[in-house]
>>> print(open('coords31.cif').read())   # mmCIF, C-alpha atoms (C1' of nucleotides)
data_final
loop_
_atom_site.group_PDB
_atom_site.id
_atom_site.type_symbol
_atom_site.label_atom_id
_atom_site.label_comp_id
_atom_site.auth_asym_id
_atom_site.auth_seq_id
_atom_site.Cartn_x
_atom_site.Cartn_y
_atom_site.Cartn_z
ATOM 1 C CA MET A 1 0.000 0.000 0.000
ATOM 2 C CA LYS A 2 1.447 3.317 -1.100
ATOM 3 C CA PRO A 3 2.397 5.865 1.544
ATOM 4 C CA LEU A 4 0.190 8.949 1.839
ATOM 5 C CA VAL A 5 1.360 12.095 0.062
ATOM 6 C CA HIS A 6 1.130 15.396 1.925
ATOM 7 C CA PRO A 7 2.685 18.243 -0.033
ATOM 8 C CA ASP A 8 4.130 21.383 1.457
ATOM 9 C CA ILE A 9 1.504 24.089 0.995
ATOM 10 C CA GLU A 10 4.134 26.281 -0.625
ATOM 11 C CA ASP A 11 4.410 23.697 -3.392
ATOM 12 C CA VAL A 12 0.694 23.542 -4.159
ATOM 13 C CA PRO A 13 -0.341 25.750 -7.073
ATOM 14 C CA LEU A 14 -3.639 27.572 -6.807
ATOM 15 C CA GLU A 15 -5.159 25.617 -9.666
ATOM 16 C CA VAL A 16 -4.663 22.360 -7.783
ATOM 17 C CA ILE A 17 -6.586 23.685 -4.791
ATOM 18 C CA LEU A 18 -9.365 25.090 -6.949
ATOM 19 C CA HIS A 19 -9.563 21.900 -8.944
ATOM 20 C CA ALA A 20 -9.810 19.896 -5.739
ATOM 21 C CA LEU A 21 -12.733 21.981 -4.544
ATOM 22 C CA ALA A 22 -14.398 22.328 -7.961
ATOM 23 C CA ASP A 23 -16.421 19.209 -7.346
ATOM 24 C CA PRO A 24 -19.619 19.019 -5.333
ATOM 25 C CA ILE A 25 -18.584 15.864 -3.505
ATOM 26 C CA ARG A 26 -15.159 17.197 -2.578
ATOM 27 C CA VAL A 27 -16.338 20.578 -1.273
ATOM 28 C CA ALA A 28 -18.924 18.755 0.795
ATOM 29 C CA LEU A 29 -16.243 16.415 2.154
ATOM 30 C CA PHE A 30 -13.907 19.273 2.926
ATOM 31 C CA TYR A 31 -16.697 21.274 4.547
ATOM 32 C CA GLU A 32 -17.493 18.330 6.777
ATOM 33 C CA ILE A 33 -13.856 17.845 7.757
ATOM 34 C CA VAL A 34 -13.391 21.545 8.511
ATOM 35 C CA TYR A 35 -16.592 22.147 10.413
ATOM 36 C CA GLN A 36 -17.333 19.010 12.330
ATOM 37 C CA GLU A 37 -15.320 18.378 15.467
ATOM 38 C CA GLY A 38 -12.621 15.704 15.484
ATOM 39 C CA PRO A 39 -11.032 13.592 12.744
ATOM 40 C CA LYS A 40 -13.376 11.983 10.262
ATOM 41 C CA ASN A 41 -12.888 8.503 8.905
ATOM 42 C CA CYS A 42 -14.168 7.507 5.497
ATOM 43 C CA THR A 43 -17.229 5.689 6.736
ATOM 44 C CA MET A 44 -18.375 8.892 8.416
ATOM 45 C CA LEU A 45 -17.966 10.644 5.093
ATOM 46 C CA VAL A 46 -19.733 8.182 2.828
ATOM 47 C CA ASN A 47 -22.993 10.055 3.251
ATOM 48 C CA VAL A 48 -21.988 13.707 2.846
ATOM 49 C CA LEU A 49 -24.450 13.987 -0.007
ATOM 50 C CA ASP A 50 -27.965 12.597 -0.114
ATOM 51 C CA HIS A 51 -26.808 9.367 -1.770
ATOM 52 C CA PRO A 52 -23.904 7.213 -0.499
ATOM 53 C CA ILE A 53 -20.614 7.496 -2.395
ATOM 54 C CA PRO A 54 -18.962 4.221 -3.490
ATOM 55 C CA LYS A 55 -15.883 3.449 -1.379
ATOM 56 C CA SER A 56 -13.474 3.453 -4.302
ATOM 57 C CA THR A 57 -14.754 6.823 -5.452
ATOM 58 C CA LEU A 58 -14.488 8.253 -1.962
ATOM 59 C CA SER A 59 -10.939 6.989 -1.702
ATOM 60 C CA GLN A 60 -9.976 8.815 -4.913
ATOM 61 C CA HIS A 61 -11.647 12.021 -3.778
ATOM 62 C CA MET A 62 -9.808 11.888 -0.461
ATOM 63 C CA ARG A 63 -6.528 11.378 -2.274
ATOM 64 C CA ILE A 64 -7.178 14.464 -4.379
ATOM 65 C CA LEU A 65 -7.960 16.548 -1.275
ATOM 66 C CA ARG A 66 -4.812 15.242 0.421
ATOM 67 C CA GLU A 67 -2.578 15.894 -2.561
ATOM 68 C CA ALA A 68 -3.995 19.406 -2.837
ATOM 69 C CA GLY A 69 -2.764 19.996 0.707
ATOM 70 C CA LEU A 70 -6.270 20.558 2.033
ATOM 71 C CA VAL A 71 -6.518 17.555 4.296
ATOM 72 C CA ARG A 72 -4.159 15.467 6.364
ATOM 73 C CA GLY A 73 -4.753 11.701 6.474
ATOM 74 C CA GLU A 74 -3.310 9.382 9.108
ATOM 75 C CA ARG A 75 -3.831 5.651 9.239
ATOM 76 C CA HIS A 76 -4.938 4.440 12.666
ATOM 77 C CA GLY A 77 -5.373 0.701 12.575
ATOM 78 C CA THR A 78 -7.811 -0.077 9.787
ATOM 79 C CA GLN A 79 -9.142 3.441 9.734
ATOM 80 C CA MET A 80 -8.032 6.718 8.227
ATOM 81 C CA HIS A 81 -8.195 9.862 10.314
ATOM 82 C CA ASN A 82 -8.780 12.907 8.171
ATOM 83 C CA THR A 83 -8.199 16.387 9.532
ATOM 84 C CA SER A 84 -8.143 19.725 7.792
ATOM 85 C CA ARG A 85 -5.033 21.763 6.982
ATOM 86 C CA TYR A 86 -7.093 24.958 6.886
ATOM 87 C CA ASP A 87 -4.622 27.133 8.791
ATOM 88 C CA GLU A 88 -1.660 26.224 6.640
ATOM 89 C CA VAL A 89 -3.581 26.914 3.433
ATOM 90 C CA ASP A 90 -4.960 30.131 4.858
ATOM 91 C CA ALA A 91 -1.461 31.328 5.655
ATOM 92 C CA ARG A 92 -0.444 30.944 2.029
ATOM 93 C CA TYR A 93 -3.704 31.963 0.329
ATOM 94 C CA PRO A 94 -5.458 34.196 2.858
ATOM 95 C CA GLY A 95 -9.237 34.169 2.798
ATOM 96 C CA LEU A 96 -9.465 31.634 0.006
ATOM 97 C CA LEU A 97 -10.880 28.701 1.919
ATOM 98 C CA LEU A 98 -13.214 30.870 3.960
ATOM 99 C CA ALA A 99 -14.634 32.372 0.775
ATOM 100 C CA ILE A 100 -15.126 28.966 -0.815
ATOM 101 C CA ILE A 101 -16.699 27.458 2.258
ATOM 102 C CA THR A 102 -18.963 30.473 2.633
ATOM 103 C CA ALA A 103 -19.947 30.191 -1.025
ATOM 104 C CA HIS A 104 -20.678 26.516 -0.463
ATOM 105 C CA SER A 105 -22.993 27.398 2.422
ATOM 106 C CA VAL A 106 -24.713 30.074 0.338
ATOM 107 C CA GLN A 107 -25.429 27.427 -2.235
ATOM 108 C CA ILE A 108 -26.652 24.857 0.263
ATOM 109 C CA GLU A 109 -29.029 27.443 1.724
ATOM 110 C CA ALA A 110 -30.317 28.403 -1.713
ATOM 111 C CA LYS A 111 -30.932 24.753 -2.522
ATOM 112 C CA LYS A 112 -32.744 24.217 0.782
ATOM 113 C CA LYS A 113 -34.994 27.171 0.048
ATOM 114 C CA SER A 114 -35.953 25.937 -3.380
ATOM 115 C CA MET A 115 -36.691 22.511 -1.893
ATOM 116 C CA ASP A 116 -39.006 24.089 0.683
ATOM 117 C CA ALA A 117 -40.797 25.906 -2.110
ATOM 118 C CA ILE A 118 -41.460 22.606 -3.849
ATOM 119 C CA GLU A 119 -42.666 20.917 -0.691
ATOM 120 C CA VAL A 120 -45.605 23.348 -0.541
ATOM 121 C CA PHE A 121 -47.243 21.296 -3.280
ATOM 122 C CA MET B 122 -22.747 30.889 -35.372
ATOM 123 C CA LYS B 123 -24.324 30.043 -32.035
ATOM 124 C CA PRO B 124 -25.485 32.895 -29.829
ATOM 125 C CA LEU B 125 -23.463 33.598 -26.698
ATOM 126 C CA VAL B 126 -24.708 32.100 -23.438
ATOM 127 C CA HIS B 127 -24.728 34.306 -20.348
ATOM 128 C CA PRO B 128 -26.324 32.572 -17.393
ATOM 129 C CA ASP B 129 -27.995 34.293 -14.488
ATOM 130 C CA ILE B 130 -25.489 34.255 -11.634
ATOM 131 C CA GLU B 131 -28.146 32.725 -9.402
ATOM 132 C CA ASP B 132 -28.170 29.705 -11.692
ATOM 133 C CA VAL B 133 -24.419 29.131 -11.617
ATOM 134 C CA PRO B 134 -23.346 26.513 -9.077
ATOM 135 C CA LEU B 135 -20.161 27.131 -7.142
ATOM 136 C CA GLU B 136 -18.400 24.170 -8.723
ATOM 137 C CA VAL B 137 -18.845 25.687 -12.185
ATOM 138 C CA ILE B 138 -17.136 28.896 -11.089
ATOM 139 C CA LEU B 139 -14.328 27.029 -9.347
ATOM 140 C CA HIS B 140 -13.872 24.738 -12.303
ATOM 141 C CA ALA B 141 -13.675 27.740 -14.623
ATOM 142 C CA LEU B 142 -10.925 29.288 -12.522
ATOM 143 C CA ALA B 143 -9.127 26.017 -11.755
ATOM 144 C CA ASP B 144 -6.970 26.412 -14.821
ATOM 145 C CA PRO B 145 -3.862 28.554 -15.065
ATOM 146 C CA ILE B 146 -4.823 29.998 -18.448
ATOM 147 C CA ARG B 147 -8.340 30.863 -17.379
ATOM 148 C CA VAL B 148 -7.406 32.573 -14.085
ATOM 149 C CA ALA B 149 -4.830 34.584 -15.996
ATOM 150 C CA LEU B 150 -7.461 35.550 -18.593
ATOM 151 C CA PHE B 151 -9.958 36.487 -15.931
ATOM 152 C CA TYR B 152 -7.361 38.442 -13.994
ATOM 153 C CA GLU B 153 -6.519 40.409 -17.118
ATOM 154 C CA ILE B 154 -10.175 41.147 -17.866
ATOM 155 C CA VAL B 155 -10.872 42.238 -14.297
ATOM 156 C CA TYR B 156 -7.796 44.361 -13.734
ATOM 157 C CA GLN B 157 -6.960 45.967 -17.029
ATOM 158 C CA GLU B 158 -9.111 48.911 -18.066
ATOM 159 C CA GLY B 159 -11.641 48.522 -20.847
ATOM 160 C CA PRO B 160 -12.998 45.508 -22.731
ATOM 161 C CA LYS B 161 -10.444 43.003 -23.954
ATOM 162 C CA ASN B 162 -10.702 41.252 -27.292
ATOM 163 C CA CYS B 163 -9.227 37.822 -27.855
ATOM 164 C CA THR B 164 -6.127 39.031 -29.662
ATOM 165 C CA MET B 165 -5.224 41.105 -26.636
ATOM 166 C CA LEU B 166 -5.564 37.956 -24.546
ATOM 167 C CA VAL B 167 -3.565 35.556 -26.676
ATOM 168 C CA ASN B 168 -0.416 36.368 -24.717
ATOM 169 C CA VAL B 169 -1.584 36.281 -21.086
ATOM 170 C CA LEU B 170 1.002 33.623 -20.407
ATOM 171 C CA ASP B 171 4.588 33.530 -21.621
ATOM 172 C CA HIS B 172 3.673 31.490 -24.714
ATOM 173 C CA PRO B 173 0.815 32.390 -27.099
ATOM 174 C CA ILE B 174 -2.386 30.363 -26.758
ATOM 175 C CA PRO B 175 -3.810 28.812 -29.966
ATOM 176 C CA LYS B 176 -6.954 30.644 -31.088
ATOM 177 C CA SER B 177 -9.193 27.603 -30.893
ATOM 178 C CA THR B 178 -8.071 26.887 -27.353
ATOM 179 C CA LEU B 179 -8.581 30.486 -26.340
ATOM 180 C CA SER B 180 -12.057 30.435 -27.790
ATOM 181 C CA GLN B 181 -12.966 27.391 -25.678
ATOM 182 C CA HIS B 182 -11.526 28.964 -22.546
ATOM 183 C CA MET B 183 -13.516 32.137 -23.119
ATOM 184 C CA ARG B 184 -16.696 30.110 -23.575
ATOM 185 C CA ILE B 185 -16.077 28.390 -20.264
ATOM 186 C CA LEU B 186 -15.550 31.717 -18.492
ATOM 187 C CA ARG B 187 -18.720 33.103 -20.096
ATOM 188 C CA GLU B 188 -20.836 30.102 -19.234
ATOM 189 C CA ALA B 189 -19.588 30.267 -15.654
ATOM 190 C CA GLY B 190 -21.031 33.777 -15.480
ATOM 191 C CA LEU B 191 -17.615 35.328 -14.911
ATOM 192 C CA VAL B 192 -17.320 37.282 -18.120
ATOM 193 C CA ARG B 193 -19.660 39.001 -20.525
ATOM 194 C CA GLY B 194 -18.873 38.737 -24.229
ATOM 195 C CA GLU B 195 -20.320 41.047 -26.872
ATOM 196 C CA ARG B 196 -19.608 40.802 -30.550
ATOM 197 C CA HIS B 197 -18.597 44.129 -32.067
ATOM 198 C CA GLY B 198 -17.935 43.670 -35.738
ATOM 199 C CA THR B 199 -15.376 40.949 -36.127
ATOM 200 C CA GLN B 200 -14.227 41.305 -32.563
ATOM 201 C CA MET B 201 -15.450 40.128 -29.223
ATOM 202 C CA HIS B 202 -15.519 42.549 -26.306
ATOM 203 C CA ASN B 203 -14.990 40.775 -23.035
ATOM 204 C CA THR B 204 -15.822 42.459 -19.762
ATOM 205 C CA SER B 205 -15.962 41.051 -16.259
ATOM 206 C CA ARG B 206 -19.128 40.297 -14.293
ATOM 207 C CA TYR B 207 -17.234 40.626 -11.014
ATOM 208 C CA ASP B 208 -19.910 42.620 -9.176
ATOM 209 C CA GLU B 209 -22.717 40.232 -9.977
ATOM 210 C CA VAL B 210 -20.689 37.228 -8.871
ATOM 211 C CA ASP B 211 -19.538 39.044 -5.761
ATOM 212 C CA ALA B 212 -23.131 39.786 -4.814
ATOM 213 C CA ARG B 213 -23.946 36.087 -4.865
ATOM 214 C CA TYR B 214 -20.676 34.674 -3.517
ATOM 215 C CA PRO B 215 -19.145 37.495 -1.489
ATOM 216 C CA GLY B 216 -15.384 37.622 -1.346
ATOM 217 C CA LEU B 217 -14.903 34.595 -3.555
ATOM 218 C CA LEU B 218 -13.429 36.278 -6.592
ATOM 219 C CA LEU B 219 -11.313 38.640 -4.550
ATOM 220 C CA ALA B 220 -9.824 35.707 -2.653
ATOM 221 C CA ILE B 221 -9.086 33.796 -5.854
ATOM 222 C CA ILE B 222 -7.575 36.794 -7.607
ATOM 223 C CA THR B 223 -5.493 37.573 -4.547
ATOM 224 C CA ALA B 224 -4.318 33.976 -4.396
ATOM 225 C CA HIS B 225 -3.432 34.189 -8.075
ATOM 226 C CA SER B 226 -1.310 37.269 -7.391
ATOM 227 C CA VAL B 227 0.369 35.555 -4.445
ATOM 228 C CA GLN B 228 1.350 32.769 -6.770
ATOM 229 C CA ILE B 229 2.588 35.061 -9.535
ATOM 230 C CA GLU B 230 4.739 36.891 -6.992
ATOM 231 C CA ALA B 231 6.151 33.648 -5.629
ATOM 232 C CA LYS B 232 6.995 32.512 -9.150
ATOM 233 C CA LYS B 233 8.678 35.833 -9.926
ATOM 234 C CA LYS B 234 10.796 35.507 -6.813
ATOM 235 C CA SER B 235 11.978 32.008 -7.650
ATOM 236 C CA MET B 236 12.823 33.200 -11.190
ATOM 237 C CA ASP B 237 14.920 36.028 -9.766
ATOM 238 C CA ALA B 238 16.770 33.549 -7.592
ATOM 239 C CA ILE B 239 17.659 31.503 -10.655
ATOM 240 C CA GLU B 240 18.832 34.544 -12.613
ATOM 241 C CA VAL B 241 21.614 35.102 -10.075
ATOM 242 C CA PHE B 242 23.541 32.260 -11.741
ATOM 243 C "C1'" DA C 243 -5.844 -20.199 11.626
ATOM 244 C "C1'" DG C 244 -10.653 -17.661 10.074
ATOM 245 C "C1'" DT C 245 -13.692 -13.591 9.741
ATOM 246 C "C1'" DA C 246 -14.743 -8.889 9.675
ATOM 247 C "C1'" DT C 247 -13.868 -4.120 8.799
ATOM 248 C "C1'" DA C 248 -11.700 -0.064 6.549
ATOM 249 C "C1'" DG C 249 -9.659 1.539 2.915
ATOM 250 C "C1'" DT C 250 -6.752 1.071 -1.593
ATOM 251 C "C1'" DT C 251 -5.555 -0.306 -6.228
ATOM 252 C "C1'" DC C 252 -6.566 -1.905 -10.789
ATOM 253 C "C1'" DA C 253 -8.964 -2.033 -15.150
ATOM 254 C "C1'" DT C 254 -11.991 -0.040 -18.165
ATOM 255 C "C1'" DA C 255 -15.772 2.527 -19.905
ATOM 256 C "C1'" DA C 256 -17.422 7.144 -20.215
ATOM 257 C "C1'" DG C 257 -16.397 11.795 -20.382
ATOM 258 C "C1'" DT C 258 -13.323 16.000 -21.019
ATOM 259 C "C1'" DT C 259 -9.680 18.852 -23.065
ATOM 260 C "C1'" DC C 260 -6.251 20.633 -26.548
ATOM 261 C "C1'" DG C 261 -5.204 22.264 -30.869
ATOM 262 C "C1'" DG C 262 -4.886 22.055 -36.157
ATOM 263 C "C1'" DA C 263 -7.745 22.537 -40.222
ATOM 264 C "C1'" DA C 264 -11.679 24.269 -42.055
ATOM 265 C "C1'" DC C 265 -15.383 27.413 -41.537
ATOM 266 C "C1'" DT C 266 -18.191 31.935 -40.565
ATOM 267 C "C1'" DT C 267 -18.786 36.833 -40.130
ATOM 268 C "C1'" DG C 268 -17.641 41.413 -40.722
ATOM 269 C "C1'" DT C 269 -14.563 45.116 -42.789
ATOM 270 C "C1'" DC C 270 -12.097 47.497 -46.086
ATOM 271 C "C1'" DA C 271 -10.053 48.397 -50.705
ATOM 272 C "C1'" DA C 272 -10.139 48.071 -55.590
ATOM 273 C "C1'" DT D 273 -19.525 43.318 -56.197
ATOM 274 C "C1'" DT D 274 -15.850 40.792 -55.485
ATOM 275 C "C1'" DG D 275 -11.535 39.671 -53.239
ATOM 276 C "C1'" DA D 276 -8.595 39.525 -49.473
ATOM 277 C "C1'" DC D 277 -7.998 39.776 -44.817
ATOM 278 C "C1'" DA D 278 -8.772 39.684 -39.772
ATOM 279 C "C1'" DA D 279 -11.161 37.866 -35.614
ATOM 280 C "C1'" DG D 280 -13.391 34.189 -33.758
ATOM 281 C "C1'" DT D 281 -15.803 29.677 -33.851
ATOM 282 C "C1'" DT D 282 -16.647 24.884 -34.852
ATOM 283 C "C1'" DC D 283 -15.268 20.186 -35.758
ATOM 284 C "C1'" DC D 284 -12.944 16.213 -34.695
ATOM 285 C "C1'" DG D 285 -9.133 12.993 -33.389
ATOM 286 C "C1'" DA D 286 -5.582 12.062 -30.064
ATOM 287 C "C1'" DA D 287 -4.426 12.433 -25.343
ATOM 288 C "C1'" DC D 288 -5.878 12.817 -20.881
ATOM 289 C "C1'" DT D 289 -9.119 12.349 -16.695
ATOM 290 C "C1'" DT D 290 -12.710 10.391 -13.921
ATOM 291 C "C1'" DA D 291 -16.042 7.021 -11.753
ATOM 292 C "C1'" DT D 292 -16.845 2.649 -10.102
ATOM 293 C "C1'" DG D 293 -16.996 -2.664 -9.600
ATOM 294 C "C1'" DA D 294 -13.911 -6.353 -8.585
ATOM 295 C "C1'" DA D 295 -9.971 -7.786 -6.508
ATOM 296 C "C1'" DC D 296 -6.711 -6.665 -3.129
ATOM 297 C "C1'" DT D 297 -4.084 -5.187 1.425
ATOM 298 C "C1'" DA D 298 -3.756 -4.238 6.153
ATOM 299 C "C1'" DT D 299 -5.373 -4.373 10.807
ATOM 300 C "C1'" DA D 300 -8.260 -6.176 14.586
ATOM 301 C "C1'" DC D 301 -10.788 -9.658 16.954
ATOM 302 C "C1'" DT D 302 -12.158 -13.862 17.949
#
>>> encode(input="coords31.cif", output="structure tokens")
Amino acid sequence: MKPLVHPDIEDVPLEVILHALADPIRVALFYEIVYQEGPKNCTMLVNVLDHPIPKSTLSQHMRILREAGLVRGERHGTQMHNTSRYDEVDARYPGLLLAIITAHSVQIEAKKKSMDAIEVF
Amino acid sequence: MKPLVHPDIEDVPLEVILHALADPIRVALFYEIVYQEGPKNCTMLVNVLDHPIPKSTLSQHMRILREAGLVRGERHGTQMHNTSRYDEVDARYPGLLLAIITAHSVQIEAKKKSMDAIEVF
DNA sequence: AGTATAGTTCATAAGTTCGGAACTTGTCAA
DNA sequence: TTGACAAGTTCCGAACTTATGAACTATACT
């Protein structure tokens, strides 16, 4: 099993970070890891969206987040502990993650509202 | 020739905006359109990077920026006038574009510095 | 040992992107 | 008007990326 790759933030180009977060599953995963207390293992993350994500797909998404320097992964026994590297990224690209996470929330709220509107029927 | 598509910002999901800017050519194009005075036509944009971008490629990139709601394109004679839709996007996703553009500058500066270091030899 | 659990890797089908060649549209000169 | 040119766009093949099921590894617990 290959060792986990955790780049120096200084070595991560902006486009890699944006690409990592330019996917609805990955922003949702990152949001969860940033905002919920404690490290998250993959099983806890399988249901970030309304439908469960296949394990192999989740594994790839987590690799992309890790290799973009957004998330730190540590193997503990059979599990993977994922924690955010928010502060490091923020030091290099100030305000970037906050803006993206805020935008993500804006979108979630908008979606919720339009769902409510439909439920009236 | 197909008419240009300019979505309502409300209809543009975050991931579309991030995807549009998750490309070194496209951030550079957007940066140029936002920060340089006046509308930019494609010829003025061919050289945003150190090497010229093929016209067909540029055309695709501009379409992606337009369809992400980031840029407005208007045909004027044989040319296309491209202007930014910064304010509209900022109203929906506050701070997002500023953070990305700032991050882009951070990266440009870092690259410049490492180039200088090499030139010492 | 065997079994279970958590996650990874591999293979491949489906989708996306880049860029050259050919095309469209508008402008200007003869 | 016709011809030539300039600015972009479209088309399409080669190269690349992504999603996921099946097979695998690695650890823990009987």
>>> residues_around(input="coords31.cif", residues="DG262 in chain C", least_positions_apart="6", cutoff="12 Å", atoms="all atoms listed in the file", output="PDB file with C-alpha atoms (C1' of nucleotides), keeping the file's coordinate frame")
ATOM      1  CA  PRO B 175      -3.810  28.812 -29.966  1.00  0.00           C
ATOM      2  CA  LYS B 176      -6.954  30.644 -31.088  1.00  0.00           C
ATOM      3  CA  SER B 177      -9.193  27.603 -30.893  1.00  0.00           C
ATOM      4  CA  THR B 178      -8.071  26.887 -27.353  1.00  0.00           C
TER       5      THR B 178
ATOM      6  C1'  DC D 283     -15.268  20.186 -35.758  1.00  0.00           C
ATOM      7  C1'  DC D 284     -12.944  16.213 -34.695  1.00  0.00           C
ATOM      8  C1'  DG D 285      -9.133  12.993 -33.389  1.00  0.00           C
ATOM      9  C1'  DA D 286      -5.582  12.062 -30.064  1.00  0.00           C
TER      10       DA D 286
END
>>> residues_around(input="coords31.cif", residues="range 24-38 of chain A", least_positions_apart="2", cutoff="8 Å", atoms="all atoms listed in the file", output="MDAnalysis selection string")
(chainID A and resid 20:22 40 45 48:49 61:62 65 70:71 82:84 86 101 104) or (chainID B and resid 136)
>>> interface_residues(input="coords31.cif", of="chain C", to="chain B", cutoff="10 Å", atoms="only C-alpha atoms (C1' of nucleotides)", output="list in words")
DT259, DC260, DG261, DG262, DT266, DT267, DG268 and DT269 of chain C
>>> resolve_selection(input="coords31.cif", expression="the PyMOL selection byres ((chain C and resi 252) around 12)", output="list of chain:residue names")
A:Ser56, C:DT250, C:DT251, C:DA253, C:DT254, D:DT292, D:DG293, D:DA294, D:DA295, D:DC296
>>> resolve_selection(input="coords31.cif", expression="the PyMOL selection byres ((chain A) within 10 of (chain B))", output="number ranges by chain")
A: 10, 12-27, 92-107, 110
>>> residues_near_point(input="coords31.cif", point="(-13.8, 27.8, -33.6)", cutoff="7 Å", atoms="all atoms listed in the file", output="PyMOL selection string")
(chain B and resi 177+180) or (chain D and resi 280-282)
>>> write_last_selection(input="coords31.cif", atoms="C-alpha atoms (C1' of nucleotides)", output="short mmCIF file (atom, residue, chain, number, x, y, z; two decimals), in the frame of the given file")
data_model
loop_
_atom_site.label_atom_id
_atom_site.label_comp_id
_atom_site.auth_asym_id
_atom_site.auth_seq_id
_atom_site.Cartn_x
_atom_site.Cartn_y
_atom_site.Cartn_z
CA SER B 177 -9.19 27.60 -30.89
CA SER B 180 -12.06 30.44 -27.79
"C1'" DG D 280 -13.39 34.19 -33.76
"C1'" DT D 281 -15.80 29.68 -33.85
"C1'" DT D 282 -16.65 24.88 -34.85
#
>>> interface_residues(input="coords31.cif", of="chain D", to="chain A", cutoff="7 Å", atoms="all atoms listed in the file", output="PyMOL selection string")
chain D and resi 291-292+297-299
>>> atom_distance(input="coords31.cif", atom1="CA of Pro52 in chain A", atom2="C1' of DA300 in chain D")
25.5 Å
>>> resolve_selection(input="coords31.cif", expression="the PyMOL selection byres ((chain D and resi 302) around 9)", output="list in words")
DG244 and DT245 of chain C; DC301 of chain D
>>> atom_distance(input="coords31.cif", atom1="CA of Pro7 in chain A", atom2="CA of Ala68 in chain A")
7.3 Å
>>> axis_aligned_box(input="coords31.cif", around="range 9-24 of chain A", padding_each_side="4 Å", output="lines of an AutoDock Vina configuration file")
center_x = -7.6
center_y = 23.3
center_z = -4.3
size_x = 32.0
size_y = 16.6
size_z = 18.7
>>> atom_distance(input="coords31.cif", atom1="CA of Met201 in chain B", atom2="C1' of DA279 in chain D")
8.0 Å
>>> decode(input="coords31.cif", residues="range 172-185 of chain B", atoms="N, CA and C atoms", output="short mmCIF file (atom, residue, chain, number, x, y, z; two decimals), in the first residue's frame")
data_model
loop_
_atom_site.label_atom_id
_atom_site.label_comp_id
_atom_site.auth_asym_id
_atom_site.auth_seq_id
_atom_site.Cartn_x
_atom_site.Cartn_y
_atom_site.Cartn_z
N HIS B 172 3.77 32.00 -23.34
CA HIS B 172 3.67 31.49 -24.71
C HIS B 172 2.28 31.81 -25.25
N PRO B 173 2.14 32.07 -26.55
CA PRO B 173 0.82 32.39 -27.10
C PRO B 173 -0.12 31.17 -27.10
N ILE B 174 -1.39 31.43 -26.81
CA ILE B 174 -2.39 30.36 -26.76
C ILE B 174 -3.02 30.22 -28.15
N PRO B 175 -3.14 29.00 -28.67
CA PRO B 175 -3.81 28.81 -29.97
C PRO B 175 -5.22 29.40 -29.93
N LYS B 176 -5.65 29.98 -31.04
CA LYS B 176 -6.95 30.64 -31.09
C LYS B 176 -8.10 29.73 -30.69
N SER B 177 -8.07 28.50 -31.18
CA SER B 177 -9.19 27.60 -30.89
C SER B 177 -9.28 27.31 -29.40
N THR B 178 -8.13 27.14 -28.79
CA THR B 178 -8.07 26.89 -27.35
C THR B 178 -8.58 28.10 -26.58
N LEU B 179 -8.14 29.26 -26.99
CA LEU B 179 -8.58 30.49 -26.34
C LEU B 179 -10.10 30.62 -26.42
N SER B 180 -10.62 30.34 -27.58
CA SER B 180 -12.06 30.43 -27.79
C SER B 180 -12.81 29.53 -26.81
N GLN B 181 -12.33 28.32 -26.64
CA GLN B 181 -12.97 27.39 -25.68
C GLN B 181 -12.87 27.93 -24.26
N HIS B 182 -11.71 28.44 -23.90
CA HIS B 182 -11.53 28.96 -22.55
C HIS B 182 -12.48 30.13 -22.29
N MET B 183 -12.63 30.99 -23.29
CA MET B 183 -13.52 32.14 -23.12
C MET B 183 -14.97 31.68 -22.97
N ARG B 184 -15.34 30.64 -23.70
CA ARG B 184 -16.70 30.11 -23.57
C ARG B 184 -16.93 29.61 -22.15
N ILE B 185 -15.93 28.93 -21.61
CA ILE B 185 -16.08 28.39 -20.26
C ILE B 185 -16.22 29.52 -19.25
#
